[in-house]
Amino acid sequence: MLSGKDTVKAITIMSEKFPEARTSLEADTDFHFLLAVILSAQTTDKAVNLLTPRLFDTYPTPATLAVAEIEDVIPLVHSIGLYRNKGKYIIACAKDIVHKFGGQVPRTRQELMQLAGVGRKTADVVLAERFNIPAIAVDTHVTRVSKRLRIVPQKADVLTIEKTLMKKLPKDLWIKAHHCMIFWGRYQCTARNPHCADCPLLSMCAEGQKRVK
Ligand code: SF4
């Protein structure tokens with residue numbers, strides 16, 4: 001298993017290769033960013049960015065979306081997968097923000113997770129991106145990269161992965177590590193054909209060494 005010291009080293013190498021790593025979801029307010037994250041489940045950030053300008057213009061605040069009808073929201077989100085459920089979630093989420101939190105997006109994980117459509121991963125992304133509160137959201141890329149590099153056991157679930165990364169990395173690296181691992185998973189350590197032969201992490205990666213043999 002990769003030590004904490006080597007995990008920090010791996011993240012440093014990733015950040016040197018992808019110094020521009022950051023979220024690609026575009027939003028002007030905390031509320032709109034939260035909507036974008038909810039909509040991004042199982043679809044690409046690019047697809048979400050294409051539809052959000054109209055959605056955000058139509059519903060600038062939680063109060064405006066909270067009273068929307070699902071039939072009015074669906075045409076604005078129908079270009080992405082699971083649009084019907086996502087449409088229902090964002091209306092319900094806006095209602096929760098208005099009724100439980102005075103119209104403001106809450107700033108703790110516990111409170112964020114009380115909102116409709118918001119799980120731990122979504123909450124962690126919002127905490128890190130909008131409030132600069134250290135958190136590591138574990139998605140498919142973070143999971144794959146953590147397992148291939150043996151930062152976590154192969155059977156680790158998302159919560160174990162999150163907790164292990166938080167233990168092995170200093171808090172001030174959490175947000176950066178999340179961004180870097182996503183870029184690493186997207187462009188270097190891709191799901192089907194990871195680029196192991198030219199990978200700067202090959203010497204510390206058991207999976208990569210198996211693959212290049
Ligand atoms: Fe991924 Fe291969 Fe690099 Fe390991 S060596 S991190 S498996 S691309």
# chains A, B, ... in the order shown; residues from 1 in each chain; ligands from 1
$ closest_atom_pairs --of "chain A" --to "ligand 1" --cutoff "6 Å" --atoms "only C-alpha atoms and all ligand atoms" --output "tab-separated table"
residue	atom	partner	partner_atom_place_in_ligand_line	distance
A:Arg148	CA	ligand 1	7 (S)	5.3
A:Leu149	CA	ligand 1	4 (Fe)	5.7
A:Gln188	CA	ligand 1	8 (S)	5.4
A:Cys189	CA	ligand 1	8 (S)	3.8
A:Pro194	CA	ligand 1	8 (S)	4.5
A:His195	CA	ligand 1	8 (S)	4.6
A:Cys196	CA	ligand 1	2 (Fe)	3.5
A:Cys199	CA	ligand 1	3 (Fe)	4.6
A:Leu201	CA	ligand 1	3 (Fe)	5.2
A:Leu202	CA	ligand 1	5 (S)	4.0
A:Cys205	CA	ligand 1	4 (Fe)	4.7
A:Glu207	CA	ligand 1	7 (S)	5.1
A:Gly208	CA	ligand 1	5 (S)	3.6
$ write_last_selection --atoms "N, CA and C atoms" --output "mmCIF file, in the first residue's frame"
data_model
loop_
_atom_site.group_PDB
_atom_site.id
_atom_site.type_symbol
_atom_site.label_atom_id
_atom_site.label_comp_id
_atom_site.auth_asym_id
_atom_site.auth_seq_id
_atom_site.Cartn_x
_atom_site.Cartn_y
_atom_site.Cartn_z
ATOM 1 N N ARG A 148 -5.657 2.018 -8.324
ATOM 2 C CA ARG A 148 -4.523 1.601 -9.166
ATOM 3 C C ARG A 148 -3.192 1.940 -8.502
ATOM 4 N N LEU A 149 -3.154 3.069 -7.826
ATOM 5 C CA LEU A 149 -1.902 3.461 -7.160
ATOM 6 C C LEU A 149 -1.731 2.777 -5.800
ATOM 7 N N GLN A 188 -4.736 10.787 -17.996
ATOM 8 C CA GLN A 188 -3.536 9.945 -17.900
ATOM 9 C C GLN A 188 -3.925 8.504 -17.555
ATOM 10 N N CYS A 189 -4.589 8.365 -16.440
ATOM 11 C CA CYS A 189 -4.930 7.027 -15.940
ATOM 12 C C CYS A 189 -6.378 6.723 -16.333
ATOM 13 N N PRO A 194 -5.087 3.123 -19.776
ATOM 14 C CA PRO A 194 -4.240 4.088 -19.073
ATOM 15 C C PRO A 194 -2.872 4.198 -19.750
ATOM 16 N N HIS A 195 -2.310 5.405 -19.728
ATOM 17 C CA HIS A 195 -1.036 5.638 -20.424
ATOM 18 C C HIS A 195 0.136 5.312 -19.493
ATOM 19 N N CYS A 196 0.274 4.034 -19.186
ATOM 20 C CA CYS A 196 1.267 3.617 -18.190
ATOM 21 C C CYS A 196 2.705 3.797 -18.680
ATOM 22 N N CYS A 199 3.961 7.153 -18.005
ATOM 23 C CA CYS A 199 3.403 7.757 -16.785
ATOM 24 C C CYS A 199 4.513 8.112 -15.781
ATOM 25 N N LEU A 201 4.289 8.353 -12.791
ATOM 26 C CA LEU A 201 4.075 7.647 -11.518
ATOM 27 C C LEU A 201 4.389 6.153 -11.626
ATOM 28 N N LEU A 202 4.863 5.729 -12.804
ATOM 29 C CA LEU A 202 5.056 4.293 -13.043
ATOM 30 C C LEU A 202 5.920 3.630 -11.966
ATOM 31 N N CYS A 205 3.837 2.714 -9.043
ATOM 32 C CA CYS A 205 2.497 2.197 -9.315
ATOM 33 C C CYS A 205 2.522 0.713 -9.644
ATOM 34 N N GLU A 207 0.060 -1.303 -10.271
ATOM 35 C CA GLU A 207 -0.848 -1.621 -11.390
ATOM 36 C C GLU A 207 -0.183 -1.303 -12.735
ATOM 37 N N GLY A 208 0.465 -0.146 -12.802
ATOM 38 C CA GLY A 208 1.119 0.256 -14.045
ATOM 39 C C GLY A 208 2.244 -0.705 -14.402
#
$ residues_around --residues "Ile90 (chain A)" --least-positions-apart "6" --cutoff "9 Å" --atoms "only C-alpha atoms" --output "list in words"
Leu35, Ile38, Leu39, Leu65, Ala66, Ala116 and Gly117 of chain A
$ write_last_selection --atoms "C-alpha atoms" --output "JSON list (two decimals), in the first residue's frame"
[["chain", "number", "residue", "atom", "x", "y", "z"],
["A", 35, "LEU", "CA", -27.65, 22.90, -9.08],
["A", 38, "ILE", "CA", -26.67, 17.86, -8.86],
["A", 39, "LEU", "CA", -27.23, 17.91, -12.62],
["A", 65, "LEU", "CA", -37.07, 27.63, -8.54],
["A", 66, "ALA", "CA", -38.91, 26.53, -5.40],
["A", 116, "ALA", "CA", -33.02, 16.94, -1.65],
["A", 117, "GLY", "CA", -30.70, 15.44, -4.25]]
$ residues_around --residues "Pro106 (chain A)" --least-positions-apart "2" --cutoff "12 Å" --atoms "only C-alpha atoms" --output "list in words"
Asp30, Phe31, Leu34, Cys93, Ala94, Asp96, Ile97, Val98, Lys100, Phe101, Gly102, Gly103, Gln104, Thr108, Arg109, Gln110, Glu111, Leu112, Met113, Gln114, Leu115, Val118, Ala123, Val126, Leu127, Arg130 and Phe131 of chain A
$ closest_residue --among "A:Ile182, A:Ile161, A:Thr58, A:Arg84" --to "Glu71 (chain A)" --atoms "only C-alpha atoms"
A:Arg84
$ select_by_dssp --residues "region 8-183 of chain A" --states "helix (DSSP H, G or I)" --output "ChimeraX atom specification"
/A:8-17,30-39,45-58,62-66,70-77,83-101,109-112,120-131,140-148,158-168,171-183
$ write_last_selection --atoms "C-alpha atoms" --output "short mmCIF file (atom, residue, chain, number, x, y, z; two decimals), in the first residue's frame"
data_model
loop_
_atom_site.label_atom_id
_atom_site.label_comp_id
_atom_site.auth_asym_id
_atom_site.auth_seq_id
_atom_site.Cartn_x
_atom_site.Cartn_y
_atom_site.Cartn_z
CA VAL A 8 1.71 13.29 -1.20
CA LYS A 9 4.50 12.76 -3.74
CA ALA A 10 2.05 11.29 -6.26
CA ILE A 11 -0.33 14.25 -5.86
CA THR A 12 2.58 16.67 -6.30
CA ILE A 13 3.57 14.95 -9.57
CA MET A 14 -0.05 15.03 -10.75
CA SER A 15 -0.30 18.74 -9.98
CA GLU A 16 2.92 19.43 -11.91
CA LYS A 17 1.43 17.73 -14.96
CA ASP A 30 -23.45 29.13 -4.65
CA PHE A 31 -27.02 28.10 -5.46
CA HIS A 32 -26.34 27.74 -9.17
CA PHE A 33 -23.15 25.80 -8.51
CA LEU A 34 -25.09 23.40 -6.29
CA LEU A 35 -27.65 22.90 -9.08
CA ALA A 36 -24.83 22.26 -11.58
CA VAL A 37 -23.30 19.60 -9.32
CA ILE A 38 -26.67 17.86 -8.86
CA LEU A 39 -27.23 17.91 -12.62
CA ASP A 45 -19.61 18.80 -16.99
CA LYS A 46 -19.61 19.97 -20.60
CA ALA A 47 -23.20 18.80 -21.13
CA VAL A 48 -24.24 20.55 -17.92
CA ASN A 49 -22.49 23.80 -18.88
CA LEU A 50 -24.43 23.84 -22.14
CA LEU A 51 -27.80 23.89 -20.44
CA THR A 52 -27.18 25.87 -17.26
CA PRO A 53 -27.11 29.43 -18.71
CA ARG A 54 -30.81 29.21 -19.63
CA LEU A 55 -31.70 27.42 -16.43
CA PHE A 56 -29.87 29.98 -14.31
CA ASP A 57 -31.45 32.91 -16.18
CA THR A 58 -34.90 31.45 -15.70
CA PRO A 62 -33.84 29.36 -4.73
CA ALA A 63 -37.16 31.19 -4.22
CA THR A 64 -37.86 31.31 -7.98
CA LEU A 65 -37.07 27.63 -8.54
CA ALA A 66 -38.91 26.53 -5.40
CA ILE A 70 -41.69 20.32 -13.16
CA GLU A 71 -43.16 20.73 -16.69
CA ASP A 72 -41.45 24.13 -16.93
CA VAL A 73 -38.08 22.81 -15.73
CA ILE A 74 -37.91 19.66 -17.87
CA PRO A 75 -37.44 21.46 -21.22
CA LEU A 76 -34.43 23.23 -19.69
CA VAL A 77 -32.70 20.03 -18.54
CA TYR A 83 -33.42 14.67 -16.55
CA ARG A 84 -36.86 13.98 -15.07
CA ASN A 85 -35.49 12.95 -11.67
CA LYS A 86 -32.87 15.68 -11.74
CA GLY A 87 -35.58 18.23 -12.54
CA LYS A 88 -37.59 17.05 -9.53
CA TYR A 89 -34.50 17.08 -7.31
CA ILE A 90 -33.48 20.63 -8.11
CA ILE A 91 -37.00 21.96 -7.42
CA ALA A 92 -37.12 20.01 -4.14
CA CYS A 93 -33.61 21.20 -3.28
CA ALA A 94 -34.61 24.85 -3.87
CA LYS A 95 -37.66 24.33 -1.62
CA ASP A 96 -35.43 22.91 1.12
CA ILE A 97 -33.04 25.86 0.85
CA VAL A 98 -35.95 28.32 1.15
CA HIS A 99 -37.84 26.54 3.92
CA LYS A 100 -35.02 25.09 6.02
CA PHE A 101 -32.15 27.51 5.44
CA ARG A 109 -21.76 18.93 5.08
CA GLN A 110 -24.40 17.87 7.57
CA GLU A 111 -26.76 20.67 6.48
CA LEU A 112 -26.03 20.31 2.78
CA ARG A 120 -21.95 13.27 0.51
CA LYS A 121 -20.08 13.69 -2.79
CA THR A 122 -22.18 16.67 -3.92
CA ALA A 123 -21.85 18.25 -0.47
CA ASP A 124 -18.07 17.80 -0.52
CA VAL A 125 -17.77 19.39 -3.97
CA VAL A 126 -19.80 22.43 -2.88
CA LEU A 127 -17.85 22.82 0.38
CA ALA A 128 -14.53 22.75 -1.45
CA GLU A 129 -15.42 24.79 -4.54
CA ARG A 130 -17.64 27.49 -3.11
CA PHE A 131 -16.59 27.79 0.52
CA THR A 140 -15.20 7.42 -10.43
CA HIS A 141 -11.79 8.95 -11.33
CA VAL A 142 -10.68 9.40 -7.72
CA THR A 143 -11.75 5.82 -7.01
CA ARG A 144 -9.90 4.32 -9.98
CA VAL A 145 -6.69 6.30 -9.46
CA SER A 146 -6.64 5.59 -5.70
CA LYS A 147 -7.02 1.87 -6.31
CA ARG A 148 -4.52 1.60 -9.17
CA VAL A 158 -16.20 5.41 -1.44
CA LEU A 159 -16.34 6.34 2.22
CA THR A 160 -13.21 4.29 2.98
CA ILE A 161 -11.45 5.92 0.02
CA GLU A 162 -12.40 9.40 1.25
CA LYS A 163 -11.28 8.67 4.82
CA THR A 164 -8.02 7.05 3.71
CA LEU A 165 -7.13 9.99 1.46
CA MET A 166 -7.95 12.39 4.29
CA LYS A 167 -5.64 10.41 6.57
CA LYS A 168 -2.77 10.15 4.10
CA LYS A 171 -5.69 18.98 4.97
CA ASP A 172 -4.32 21.82 2.87
CA LEU A 173 -3.83 19.36 -0.01
CA TRP A 174 -7.34 17.88 -0.01
CA ILE A 175 -8.96 20.25 -2.52
CA LYS A 176 -5.97 20.19 -4.84
CA ALA A 177 -5.74 16.38 -4.59
CA HIS A 178 -9.39 16.06 -5.60
CA HIS A 179 -8.87 18.21 -8.70
CA CYS A 180 -5.59 16.53 -9.67
CA MET A 181 -6.94 13.00 -9.33
CA ILE A 182 -9.91 13.85 -11.53
CA PHE A 183 -7.63 15.23 -14.26
#
